[in-house]
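Here's query05.cif, which has mmCIF, C-alpha atoms:
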```
data_coords
loop_
_atom_site.label_atom_id
_atom_site.label_comp_id
_atom_site.auth_asym_id
_atom_site.auth_seq_id
_atom_site.Cartn_x
_atom_site.Cartn_y
_atom_site.Cartn_z
CA MET W 188 241.27 -38.76 121.27
CA ALA W 189 241.60 -38.34 117.53
CA SER W 190 238.90 -36.23 116.21
CA LYS W 191 236.74 -38.02 113.73
CA LYS W 192 236.40 -36.51 110.31
CA ARG W 193 232.99 -35.09 110.07
CA ALA W 194 231.00 -36.77 107.35
CA VAL W 195 229.33 -34.50 104.87
CA PRO W 196 225.67 -34.98 105.43
CA GLU W 197 223.82 -36.26 102.41
CA ILE W 198 221.38 -33.96 100.78
CA ASN W 199 217.90 -35.12 101.32
CA ALA W 200 216.36 -35.82 97.95
CA GLY W 201 212.94 -36.27 99.36
CA SER W 202 211.82 -32.83 98.30
CA MET W 203 212.99 -33.34 94.76
CA ALA W 204 209.57 -34.61 93.79
CA ASP W 205 207.94 -31.51 95.23
CA ILE W 206 210.18 -29.21 93.26
CA ALA W 207 209.58 -31.17 90.09
CA PHE W 208 205.85 -31.08 90.74
CA LEU W 209 205.96 -27.36 91.16
CA LEU W 210 207.70 -26.90 87.83
CA LEU W 211 205.39 -29.40 86.21
CA ILE W 212 202.32 -27.55 87.35
CA PHE W 213 203.78 -24.27 86.11
CA PHE W 214 204.31 -25.67 82.63
CA LEU W 215 200.97 -27.44 82.67
CA VAL W 216 199.28 -24.12 83.28
CA THR W 217 201.25 -22.04 80.80
CA THR W 218 201.19 -24.54 77.99
CA THR W 219 198.85 -23.74 75.17
CA MET W 220 198.37 -26.43 72.64
CA ASP W 221 196.25 -24.24 70.48
CA VAL W 222 196.33 -25.47 66.95
CA ASP W 223 195.19 -22.89 64.52
CA LYS W 224 192.28 -24.06 62.47
CA GLY W 225 190.56 -22.29 59.67
CA LEU W 226 188.91 -22.35 56.29
CA LEU W 227 191.66 -22.84 53.75
CA VAL W 228 191.26 -20.69 50.69
CA LYS W 229 193.33 -20.06 47.61
CA LEU W 230 193.39 -16.53 46.30
CA PRO W 231 193.67 -15.76 42.60
CA PRO W 232 196.94 -14.15 41.50
CA TRP W 233 197.04 -10.39 41.30
CA THR W 234 196.17 -8.84 37.96
CA GLU W 235 196.28 -5.19 37.04
CA GLU W 236 193.01 -5.07 35.17
CA GLN W 237 190.22 -5.39 37.65
CA ASN W 238 187.49 -6.81 35.47
CA GLU W 239 188.79 -9.87 33.77
CA GLU W 240 185.98 -11.15 31.67
CA GLN W 241 185.83 -14.84 31.33
CA ASP W 242 183.64 -16.79 29.01
CA ILE W 243 181.46 -18.64 31.41
CA LYS W 244 177.86 -19.29 30.61
CA GLU W 245 175.43 -17.49 32.83
CA LYS W 246 173.80 -20.73 33.91
CA ASN W 247 177.13 -22.15 35.06
CA ILE W 248 177.62 -19.39 37.60
CA PHE W 249 175.96 -19.64 40.96
CA VAL W 250 175.85 -16.18 42.44
CA VAL W 251 175.65 -15.76 46.19
CA LEU W 252 175.31 -12.16 47.27
CA VAL W 253 175.66 -10.94 50.83
CA ASN W 254 174.73 -7.33 51.45
CA ALA W 255 175.72 -4.92 54.19
CA GLN W 256 172.80 -6.06 56.35
CA ASP W 257 174.09 -9.63 56.11
CA GLN W 258 171.11 -10.66 54.00
CA LEU W 259 171.54 -13.29 51.35
CA LEU W 260 170.54 -13.30 47.73
CA ILE W 261 171.10 -16.54 45.88
CA GLU W 262 170.52 -16.57 42.13
CA GLU W 263 168.43 -13.43 42.51
CA GLU W 264 166.17 -14.81 45.18
CA TYR W 265 166.13 -14.14 48.89
CA ALA W 266 167.58 -16.96 50.93
CA THR W 267 168.63 -17.79 54.44
CA LEU W 268 171.80 -19.43 55.63
CA GLU W 269 170.03 -22.78 55.94
CA ASP W 270 169.27 -22.77 52.21
CA VAL W 271 172.81 -22.15 51.04
CA ARG W 272 174.09 -25.68 51.38
CA ARG W 273 171.09 -27.36 49.76
CA LEU W 274 170.88 -24.92 46.84
CA THR W 275 174.62 -25.09 46.24
CA LYS W 276 174.57 -28.87 46.20
CA GLU W 277 171.67 -28.91 43.76
CA PHE W 278 173.51 -26.48 41.52
CA ILE W 279 176.83 -28.35 41.51
CA ASP W 280 175.29 -31.75 41.14
CA ASN W 281 172.81 -30.69 38.47
CA ASN W 282 174.68 -32.24 35.54
CA GLY W 283 172.65 -30.57 32.76
CA ASP W 284 174.67 -32.00 29.84
CA GLY W 285 175.13 -35.45 31.34
CA ALA W 286 178.94 -35.33 31.19
CA CYS W 287 179.25 -36.42 34.80
CA GLU W 288 178.41 -40.08 35.20
CA ASP W 289 178.63 -40.14 38.96
CA CYS W 290 176.27 -37.25 39.56
CA ARG W 291 172.77 -37.71 40.86
CA GLY W 292 171.52 -34.26 39.96
CA LEU W 293 168.15 -33.14 38.61
CA ARG W 294 169.52 -32.48 35.11
CA ASP W 295 167.71 -29.20 34.89
CA PRO W 296 168.75 -27.58 31.58
CA ALA W 297 168.55 -24.12 33.13
CA SER W 298 171.12 -24.94 35.79
CA SER W 299 174.80 -25.92 35.59
CA ASP W 300 176.16 -28.20 32.84
CA ASN W 301 178.35 -30.38 35.04
CA PRO W 302 180.39 -30.03 38.22
CA GLY W 303 183.53 -29.37 36.17
CA LYS W 304 181.96 -26.24 34.72
CA ALA W 305 179.98 -25.05 37.71
CA VAL W 306 181.44 -21.98 39.39
CA ILE W 307 180.32 -20.53 42.69
CA SER W 308 180.67 -16.80 42.92
CA LEU W 309 180.52 -15.33 46.39
CA GLN W 310 180.06 -11.59 46.35
CA ASN W 311 179.91 -9.39 49.36
CA ASP W 312 179.54 -5.79 50.30
CA ARG W 313 182.22 -3.83 52.11
CA GLY W 314 179.81 -3.62 55.02
CA THR W 315 179.17 -7.34 55.28
CA SER W 316 180.23 -8.68 58.64
CA TYR W 317 183.11 -11.09 58.76
CA ASN W 318 181.02 -13.47 60.81
CA THR W 319 178.40 -13.87 58.10
CA PHE W 320 180.99 -14.11 55.39
CA VAL W 321 182.77 -16.97 57.13
CA LYS W 322 179.48 -18.75 57.73
CA VAL W 323 178.46 -18.52 54.09
CA ARG W 324 181.93 -19.56 52.98
CA ASN W 325 181.65 -22.47 55.37
CA GLU W 326 178.36 -23.55 53.84
CA LEU W 327 179.78 -23.41 50.33
CA LEU W 328 182.73 -25.56 51.36
CA GLY W 329 180.30 -27.80 53.21
CA ALA W 330 178.29 -28.37 50.04
CA TYR W 331 181.40 -29.66 48.26
CA THR W 332 182.38 -31.77 51.25
CA GLU W 333 178.94 -33.38 51.37
CA LEU W 334 178.91 -34.13 47.65
CA ARG W 335 182.37 -35.66 47.84
CA ASN W 336 181.38 -37.67 50.86
CA GLU W 337 178.26 -38.99 49.16
CA LEU W 338 180.24 -40.01 46.12
CA ALA W 339 182.92 -41.66 48.24
CA THR W 340 180.26 -43.63 50.08
CA ARG W 341 178.59 -44.75 46.85
CA LYS W 342 181.84 -45.73 45.17
CA TYR W 343 184.02 -47.00 47.97
CA GLY W 344 181.62 -47.37 50.87
CA ARG W 345 183.75 -45.08 52.99
CA ASP W 346 184.03 -41.46 54.01
CA TYR W 347 185.97 -39.09 51.78
CA GLU W 348 188.46 -38.40 54.56
CA SER W 349 189.33 -42.09 54.96
CA LEU W 350 190.12 -42.61 51.27
CA ASN W 351 193.68 -42.93 50.06
CA GLU W 352 195.26 -40.18 47.97
CA SER W 353 194.52 -41.60 44.53
CA ASP W 354 190.87 -42.28 45.36
CA LYS W 355 190.56 -38.79 46.77
CA GLU W 356 192.03 -37.46 43.55
CA GLU W 357 189.38 -39.34 41.61
CA VAL W 358 186.58 -37.92 43.71
CA ASN W 359 188.09 -34.46 43.28
CA THR W 360 188.05 -34.77 39.51
CA VAL W 361 184.32 -35.50 39.65
CA TYR W 362 183.70 -32.56 41.98
CA PRO W 363 186.46 -30.00 41.52
CA GLN W 364 186.09 -26.95 43.68
CA PHE W 365 185.52 -23.60 42.05
CA ILE W 366 184.63 -20.92 44.52
CA SER W 367 185.41 -17.38 43.58
CA GLU W 368 185.43 -14.53 46.03
CA ALA W 369 184.76 -11.41 44.09
CA GLU W 370 186.07 -8.07 45.15
CA PRO W 371 183.50 -6.29 47.23
CA VAL W 372 181.29 -3.69 45.72
CA GLN W 373 178.69 -1.44 47.16
CA ILE W 374 175.66 -3.64 46.77
CA GLY W 375 173.61 -1.15 48.67
CA GLY W 376 172.65 -0.49 52.20
CA MET D 193 216.99 -76.45 119.24
CA ALA D 194 214.44 -76.32 116.65
CA LEU D 195 213.95 -72.88 115.46
CA ILE D 196 210.34 -72.39 114.91
CA LYS D 197 209.75 -69.64 112.55
CA LYS D 198 206.87 -67.59 113.41
CA LYS D 199 204.61 -67.19 110.52
CA LYS D 200 204.78 -63.62 109.49
CA LYS D 201 201.59 -61.86 108.86
CA ALA D 202 201.23 -61.28 105.16
CA GLU D 203 201.62 -57.56 104.97
CA THR D 204 201.53 -55.60 101.79
CA PRO D 205 204.87 -53.90 101.41
CA PRO D 206 204.68 -50.12 101.24
CA LEU D 207 204.63 -48.77 97.75
CA SER D 208 207.97 -47.41 96.80
CA THR D 209 207.80 -43.79 95.81
CA ALA D 210 211.42 -43.61 94.79
CA SER D 211 210.54 -43.51 91.09
CA LEU D 212 208.00 -40.76 91.54
CA PRO D 213 210.49 -37.96 90.82
CA ASP D 214 211.46 -39.74 87.62
CA ILE D 215 207.90 -39.93 86.45
CA VAL D 216 207.27 -36.33 87.33
CA PHE D 217 210.46 -35.25 85.59
CA MET D 218 209.41 -37.10 82.49
CA LEU D 219 206.11 -35.25 82.43
CA LEU D 220 207.92 -32.03 83.20
CA PHE D 221 210.23 -32.40 80.23
CA PHE D 222 207.32 -33.24 77.99
CA PHE D 223 205.52 -30.05 78.88
CA MET D 224 208.70 -28.00 78.78
CA VAL D 225 209.31 -29.10 75.24
CA THR D 226 205.77 -28.73 73.97
CA THR D 227 204.99 -25.47 75.67
CA THR D 228 204.82 -22.38 73.56
CA MET D 229 204.52 -19.12 75.29
CA ARG D 230 202.21 -16.76 73.49
CA GLU D 231 204.48 -14.90 71.13
CA VAL D 232 202.35 -11.88 70.56
CA THR D 233 200.29 -9.85 72.91
CA LEU D 234 196.97 -9.18 71.35
CA LEU D 235 196.29 -5.50 70.94
CA VAL D 236 192.88 -6.09 69.41
CA LYS D 237 189.74 -7.70 70.68
CA LEU D 238 189.41 -11.03 69.03
CA LYS D 239 186.42 -13.32 69.01
CA LYS D 240 186.83 -15.77 66.20
CA PRO D 241 183.82 -16.92 64.17
CA GLN D 242 182.65 -20.49 64.23
CA ALA D 243 182.73 -22.91 61.34
CA THR D 244 182.51 -26.61 60.65
CA GLU D 245 184.58 -27.10 57.50
CA ILE D 246 187.83 -26.13 59.11
CA GLN D 247 191.19 -27.70 58.53
CA LYS D 248 194.22 -27.75 60.74
CA LEU D 249 197.18 -25.67 59.72
CA GLU D 250 199.94 -28.22 59.69
CA ARG D 251 203.05 -26.14 59.91
CA LYS D 252 203.10 -23.32 62.39
CA ASP D 253 206.53 -22.16 61.30
CA LEU D 254 205.22 -21.61 57.78
CA THR D 255 202.23 -19.59 58.92
CA THR D 256 201.95 -15.89 59.46
CA TYR D 257 199.14 -14.36 61.40
CA ILE D 258 197.25 -11.19 60.74
CA TYR D 259 194.95 -10.08 63.52
CA VAL D 260 191.95 -7.90 62.85
CA GLY D 261 189.67 -6.41 65.46
CA ALA D 262 188.73 -3.36 67.44
CA PRO D 263 191.70 -2.04 69.49
CA LYS D 264 191.72 -2.94 73.16
CA ASN D 265 192.95 0.53 73.90
CA ALA D 266 189.72 2.53 73.85
CA GLU D 267 191.55 5.73 72.95
CA LEU D 268 192.20 4.34 69.50
CA GLY D 269 188.50 4.12 68.74
CA SER D 270 186.27 1.17 68.07
CA GLU D 271 186.93 0.78 64.37
CA PRO D 272 188.61 -2.58 63.63
CA ARG D 273 192.34 -2.33 63.04
CA ILE D 274 195.03 -4.64 61.72
CA GLN D 275 197.70 -6.01 64.02
CA LEU D 276 200.93 -7.30 62.54
CA ALA D 277 203.27 -8.92 65.03
CA ASP D 278 203.26 -6.63 68.06
CA GLN D 279 201.86 -3.45 66.65
CA LEU D 280 198.86 -2.00 64.96
CA ALA D 281 199.35 -1.34 61.30
CA SER D 282 197.51 -0.08 58.28
CA VAL D 283 196.49 -1.89 55.12
CA SER D 284 199.40 -0.47 53.16
CA ASP D 285 201.89 -2.17 55.51
CA VAL D 286 200.52 -5.64 54.90
CA GLN D 287 202.14 -6.33 51.56
CA GLN D 288 205.66 -5.41 52.67
CA TRP D 289 205.31 -7.26 55.92
CA VAL D 290 204.02 -10.47 54.35
CA ILE D 291 206.87 -10.45 51.85
CA LEU D 292 209.36 -10.03 54.69
CA GLN D 293 207.80 -12.89 56.60
CA ARG D 294 208.02 -15.14 53.58
CA GLU D 295 211.65 -14.21 53.00
CA SER D 296 212.49 -15.41 56.47
CA ILE D 297 211.57 -19.03 55.79
CA ASN D 298 213.51 -21.65 53.96
CA GLU D 299 213.35 -21.18 50.21
CA ALA D 300 212.29 -24.76 49.52
CA GLU D 301 209.26 -24.40 51.73
CA ARG D 302 208.12 -21.00 50.56
CA PRO D 303 205.34 -22.42 48.36
CA LYS D 304 203.71 -23.74 51.51
CA PHE D 305 203.69 -20.31 53.11
CA THR D 306 200.23 -19.61 54.50
CA VAL D 307 198.69 -16.48 55.90
CA SER D 308 196.10 -16.94 58.59
CA ILE D 309 193.65 -14.12 59.11
CA LYS D 310 192.42 -14.09 62.67
CA ALA D 311 189.62 -11.61 62.52
CA ASP D 312 186.96 -10.63 64.96
CA VAL D 313 183.34 -11.53 64.21
CA ASP D 314 182.43 -7.85 64.16
CA ALA D 315 185.03 -6.87 61.58
CA LYS D 316 183.68 -5.70 58.26
CA MET D 317 184.51 -7.35 54.99
CA GLY D 318 185.76 -4.08 53.52
CA LEU D 319 188.90 -4.27 55.63
CA ILE D 320 189.29 -8.02 55.12
CA SER D 321 188.99 -7.57 51.38
CA ASP D 322 191.63 -4.86 51.42
CA ILE D 323 193.95 -7.30 53.18
CA LYS D 324 193.11 -9.94 50.61
CA GLN D 325 194.06 -7.57 47.81
CA GLU D 326 197.37 -6.82 49.52
CA LEU D 327 198.04 -10.54 49.90
CA ARG D 328 197.37 -11.07 46.21
CA LYS D 329 199.83 -8.30 45.40
CA ALA D 330 202.40 -9.97 47.66
CA GLN D 331 201.78 -13.28 45.90
CA ALA D 332 200.82 -14.88 49.19
CA LEU D 333 197.89 -16.83 47.86
CA LYS D 334 197.39 -19.46 50.51
CA LEU D 335 194.98 -18.05 53.01
CA SER D 336 193.15 -19.36 56.02
CA TYR D 337 190.17 -17.73 57.66
CA SER D 338 190.84 -18.72 61.23
CA ALA D 339 187.76 -20.07 63.00
CA ASN D 340 186.76 -22.07 66.02
CA PRO D 341 185.16 -25.44 65.51
CA ALA D 342 181.40 -25.50 65.85
CA ALA D 343 179.62 -28.56 67.16
CA SER D 344 177.06 -28.69 64.37
CA THR D 345 175.75 -26.65 61.51
CA GLU D 346 172.49 -26.07 63.38
CA GLU D 347 174.47 -24.09 65.91
CA LEU D 348 175.69 -21.81 63.15
CA TYR D 349 172.19 -21.24 61.83
CA LYS D 350 170.93 -20.35 65.28
CA ALA D 351 173.49 -17.63 65.81
CA TYR D 352 172.75 -16.23 62.38
#
```
Take the structure in the file and write it out as structure tokens.
Amino acid sequence: MASKKRAVPEINAGSMADIAFLLLIFFLVTTTMDVDKGLLVKLPPWTEEQNEEQDIKEKNIFVVLVNAQDQLLIEEEYATLEDVRRLTKEFIDNNGDGACEDCRGLRDPASSDNPGKAVISLQNDRGTSYNTFVKVRNELLGAYTELRNELATRKYGRDYESLNESDKEEVNTVYPQFISEAEPVQIGG
Amino acid sequence: MALIKKKKKAETPPLSTASLPDIVFMLLFFFMVTTTMREVTLLVKLKKPQATEIQKLERKDLTTYIYVGAPKNAELGSEPRIQLADQLASVSDVQQWVILQRESINEAERPKFTVSIKADVDAKMGLISDIKQELRKAQALKLSYSANPAASTEELYKAY
């Protein structure tokens, strides 16, 4: 009897799915899709002289002080975090000289001339906590965002974020963003 | 002879699972490609602050991270420290390091170079400001204060 050639048994592919599942679950678990998010800020270029004096009228500067106890002083008055956004908006939108046609401000002569001239100055102590600083910074940015949103809604009937680039540009020229972060000093405490 | 076909009972055919491995493989490749293993081991305790006005950092390859927080190793004290890449560093190292990081990216994209400060909520602004000064000296002016999204502003007020 001639011996039959033994056939090579086929590899069972039934467990392939299990192996693939195992790998899949491993990658599912290890994957981190963390997108880094944060408050985007532009720093001023480095200059040797520390106190560059600029000719800005006192009334066009909105001073927000945060001391080492994380207390707030806005335009020389005590304030809480809730106030920051409202006060900042009032200040930016004030439009004292009437140069800004799209503003709805109070036109208080003692406050800022127009949004193009208004500068926010955020000053903090070396002992201020990072948490508070970020929150205040967030409120200041929020004030600008709200003003831009309101203008976008009035003009285009849409949110600022949904505008196209040229319309955004136009809104930005009405409300340009000037937030300065001063170097920390010992404010006390 | 007439062959009378028996009417077969209408049975639902069993679902073929032959394509299951393909589907699973497809998912597998997707996750294999998108997965990023954590590149750095955090040596500092990090609890990021919350904020609402945050923006996504578009290009990870153009971003450099600076971690600030109290060291996990209790022997090093509880004072917040700076972590650059895989080691703790001091303020004076920041400038050099940031310049090196910027050198390593494509020249055309250098203007988009961003530094992201991932600092702990308990860090003090003195240290953060020192870092900011170093960044200004290094001409790395695009900065992001890394934060977690907060549901609403009321939530922020409450914690304050």
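Interatomic distance, atom CA of W:Arg193 against atom CA of W:Asp205: 29.3 Å.
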List, as a VMD selection string, every residue that the PyMOL selection byres ((chain D and resi 261) around 6) selects in the file provided. chain D and resid 236 to 238 260 262 272 to 273 311 to 312
Could you list, as JSON, numbers by chain, every residue within 8 Å of stretch 326-334 of chain W, counting all atoms listed in the file and ignoring same-chain residues fewer than 6 positions away? {"W": [268, 271, 272, 273, 275, 276, 280, 362, 364, 366], "D": [244, 245]}
Within 6 Å of chain D, which residues of chain W come that close, and what is the closest atom pair and distance in Å for each? Count all atoms listed in the file and give it as JSON lines.
```
{"residue": "W:Ala204", "atom": "CA", "partner": "D:Pro213", "partner_atom": "CA", "distance": 4.6}
{"residue": "W:Leu211", "atom": "CA", "partner": "D:Leu220", "partner_atom": "CA", "distance": 4.7}
{"residue": "W:Phe214", "atom": "CA", "partner": "D:Phe223", "partner_atom": "CA", "distance": 5.9}
{"residue": "W:Thr218", "atom": "CA", "partner": "D:Thr227", "partner_atom": "CA", "distance": 4.5}
{"residue": "W:Asp223", "atom": "CA", "partner": "D:Leu249", "partner_atom": "CA", "distance": 5.9}
{"residue": "W:Lys224", "atom": "CA", "partner": "D:Lys248", "partner_atom": "CA", "distance": 4.5}
{"residue": "W:Gly225", "atom": "CA", "partner": "D:Ser338", "partner_atom": "CA", "distance": 3.9}
{"residue": "W:Leu226", "atom": "CA", "partner": "D:Ile246", "partner_atom": "CA", "distance": 4.8}
{"residue": "W:Leu227", "atom": "CA", "partner": "D:Ser336", "partner_atom": "CA", "distance": 4.4}
{"residue": "W:Val228", "atom": "CA", "partner": "D:Leu335", "partner_atom": "CA", "distance": 5.1}
{"residue": "W:Lys229", "atom": "CA", "partner": "D:Lys334", "partner_atom": "CA", "distance": 5.0}
{"residue": "W:Leu230", "atom": "CA", "partner": "D:Leu333", "partner_atom": "CA", "distance": 4.8}
{"residue": "W:Pro232", "atom": "CA", "partner": "D:Arg328", "partner_atom": "CA", "distance": 5.6}
{"residue": "W:Trp233", "atom": "CA", "partner": "D:Arg328", "partner_atom": "CA", "distance": 5.0}
{"residue": "W:Arg313", "atom": "CA", "partner": "D:Gly318", "partner_atom": "CA", "distance": 3.8}
{"residue": "W:Gly314", "atom": "CA", "partner": "D:Lys316", "partner_atom": "CA", "distance": 5.5}
{"residue": "W:Thr315", "atom": "CA", "partner": "D:Met317", "partner_atom": "CA", "distance": 5.3}
{"residue": "W:Ser316", "atom": "CA", "partner": "D:Lys316", "partner_atom": "CA", "distance": 4.6}
{"residue": "W:Tyr317", "atom": "CA", "partner": "D:Ala315", "partner_atom": "CA", "distance": 5.4}
{"residue": "W:Asn318", "atom": "CA", "partner": "D:Val313", "partner_atom": "CA", "distance": 4.6}
{"residue": "W:Asn325", "atom": "CA", "partner": "D:Glu245", "partner_atom": "CA", "distance": 5.9}
```
Selection in question (the file shown): the PyMOL selection byres ((chain W and resi 250-258) around 7). Which residues does it include, as a list in words? Ile248, Phe249, Leu259, Leu260, Ile261, Glu262, Ile307, Ser308, Leu309, Gln310, Asn311, Asp312, Arg313, Gly314, Thr315, Ser316, Thr319, Ile374, Gly375 and Gly376 of chain W
Using atom CA of D:Val232 and atom CA of D:Ala277 as the two end points, give the distance in Å to one decimal. 6.3 Å
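Of note, atom CA of D:Glu347 and atom CA of W:Thr267 are spaced 14.3 Å apart.
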Which residues are close to W:Lys304, i.e. within 9 Å by all atoms listed in the file, leaving aside same-chain residues fewer than 6 positions away? Reply as a PDB file with C-alpha atoms, in the frame of the given file.
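Output file result-v1.pdb follows:
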```
ATOM      1  CA  ILE W 243     181.460 -18.640  31.410  1.00  0.00           C
ATOM      2  CA  ASN W 247     177.130 -22.150  35.060  1.00  0.00           C
ATOM      3  CA  ILE W 248     177.620 -19.390  37.600  1.00  0.00           C
ATOM      4  CA  ILE W 279     176.830 -28.350  41.510  1.00  0.00           C
ATOM      5  CA  PRO W 363     186.460 -30.000  41.520  1.00  0.00           C
ATOM      6  CA  PHE W 365     185.520 -23.600  42.050  1.00  0.00           C
TER       7      PHE W 365
END
```
Can you put N, CA and C atoms back into stretch 211-233 of chain W and show it as an mmCIF file, in the frame of the given file?
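selection.cif written:
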```cif
data_model
loop_
_atom_site.group_PDB
_atom_site.id
_atom_site.type_symbol
_atom_site.label_atom_id
_atom_site.label_comp_id
_atom_site.auth_asym_id
_atom_site.auth_seq_id
_atom_site.Cartn_x
_atom_site.Cartn_y
_atom_site.Cartn_z
ATOM 1 N N LEU W 211 206.336 -28.727 87.095
ATOM 2 C CA LEU W 211 205.390 -29.400 86.210
ATOM 3 C C LEU W 211 204.079 -28.635 86.148
ATOM 4 N N ILE W 212 203.592 -28.253 87.319
ATOM 5 C CA ILE W 212 202.320 -27.550 87.350
ATOM 6 C C ILE W 212 202.426 -26.203 86.633
ATOM 7 N N PHE W 213 203.574 -25.535 86.807
ATOM 8 C CA PHE W 213 203.780 -24.270 86.110
ATOM 9 C C PHE W 213 203.657 -24.463 84.594
ATOM 10 N N PHE W 214 204.343 -25.475 84.082
ATOM 11 C CA PHE W 214 204.310 -25.670 82.630
ATOM 12 C C PHE W 214 202.952 -26.179 82.155
ATOM 13 N N LEU W 215 202.311 -26.968 83.010
ATOM 14 C CA LEU W 215 200.970 -27.440 82.670
ATOM 15 C C LEU W 215 200.031 -26.264 82.462
ATOM 16 N N VAL W 216 200.186 -25.272 83.335
ATOM 17 C CA VAL W 216 199.280 -24.120 83.280
ATOM 18 C C VAL W 216 199.603 -23.232 82.091
ATOM 19 N N THR W 217 200.901 -22.991 81.859
ATOM 20 C CA THR W 217 201.250 -22.040 80.800
ATOM 21 C C THR W 217 201.160 -22.639 79.405
ATOM 22 N N THR W 218 201.168 -23.937 79.319
ATOM 23 C CA THR W 218 201.190 -24.540 77.990
ATOM 24 C C THR W 218 199.879 -24.265 77.258
ATOM 25 N N THR W 219 200.034 -23.903 76.000
ATOM 26 C CA THR W 219 198.850 -23.740 75.170
ATOM 27 C C THR W 219 199.052 -24.599 73.929
ATOM 28 N N MET W 220 198.226 -25.562 73.808
ATOM 29 C CA MET W 220 198.370 -26.430 72.640
ATOM 30 C C MET W 220 197.383 -25.977 71.575
ATOM 31 N N ASP W 221 197.270 -24.663 71.433
ATOM 32 C CA ASP W 221 196.250 -24.240 70.480
ATOM 33 C C ASP W 221 196.743 -24.451 69.060
ATOM 34 N N VAL W 222 196.025 -25.280 68.361
ATOM 35 C CA VAL W 222 196.330 -25.470 66.950
ATOM 36 C C VAL W 222 195.403 -24.533 66.192
ATOM 37 N N ASP W 223 196.000 -23.823 65.286
ATOM 38 C CA ASP W 223 195.190 -22.890 64.520
ATOM 39 C C ASP W 223 194.410 -23.653 63.465
ATOM 40 N N LYS W 224 193.122 -23.418 63.460
ATOM 41 C CA LYS W 224 192.280 -24.060 62.470
ATOM 42 C C LYS W 224 191.544 -22.985 61.690
ATOM 43 N N GLY W 225 191.275 -23.289 60.447
ATOM 44 C CA GLY W 225 190.560 -22.290 59.670
ATOM 45 C C GLY W 225 190.113 -22.823 58.325
ATOM 46 N N LEU W 226 189.371 -21.994 57.618
ATOM 47 C CA LEU W 226 188.910 -22.350 56.290
ATOM 48 C C LEU W 226 190.034 -22.033 55.314
ATOM 49 N N LEU W 227 190.553 -23.056 54.676
ATOM 50 C CA LEU W 227 191.660 -22.840 53.750
ATOM 51 C C LEU W 227 191.139 -22.394 52.395
ATOM 52 N N VAL W 228 191.740 -21.333 51.904
ATOM 53 C CA VAL W 228 191.260 -20.690 50.690
ATOM 54 C C VAL W 228 192.459 -20.394 49.809
ATOM 55 N N LYS W 229 192.264 -20.466 48.511
ATOM 56 C CA LYS W 229 193.330 -20.060 47.610
ATOM 57 C C LYS W 229 192.900 -18.804 46.867
ATOM 58 N N LEU W 230 193.727 -17.786 46.954
ATOM 59 C CA LEU W 230 193.390 -16.530 46.300
ATOM 60 C C LEU W 230 193.865 -16.570 44.846
ATOM 61 N N PRO W 231 193.174 -15.852 43.975
ATOM 62 C CA PRO W 231 193.670 -15.760 42.600
ATOM 63 C C PRO W 231 194.858 -14.817 42.540
ATOM 64 N N PRO W 232 195.784 -15.049 41.603
ATOM 65 C CA PRO W 232 196.940 -14.150 41.500
ATOM 66 C C PRO W 232 196.509 -12.733 41.156
ATOM 67 N N TRP W 233 197.356 -11.795 41.517
ATOM 68 C CA TRP W 233 197.040 -10.390 41.300
ATOM 69 C C TRP W 233 197.124 -10.047 39.811
#
```
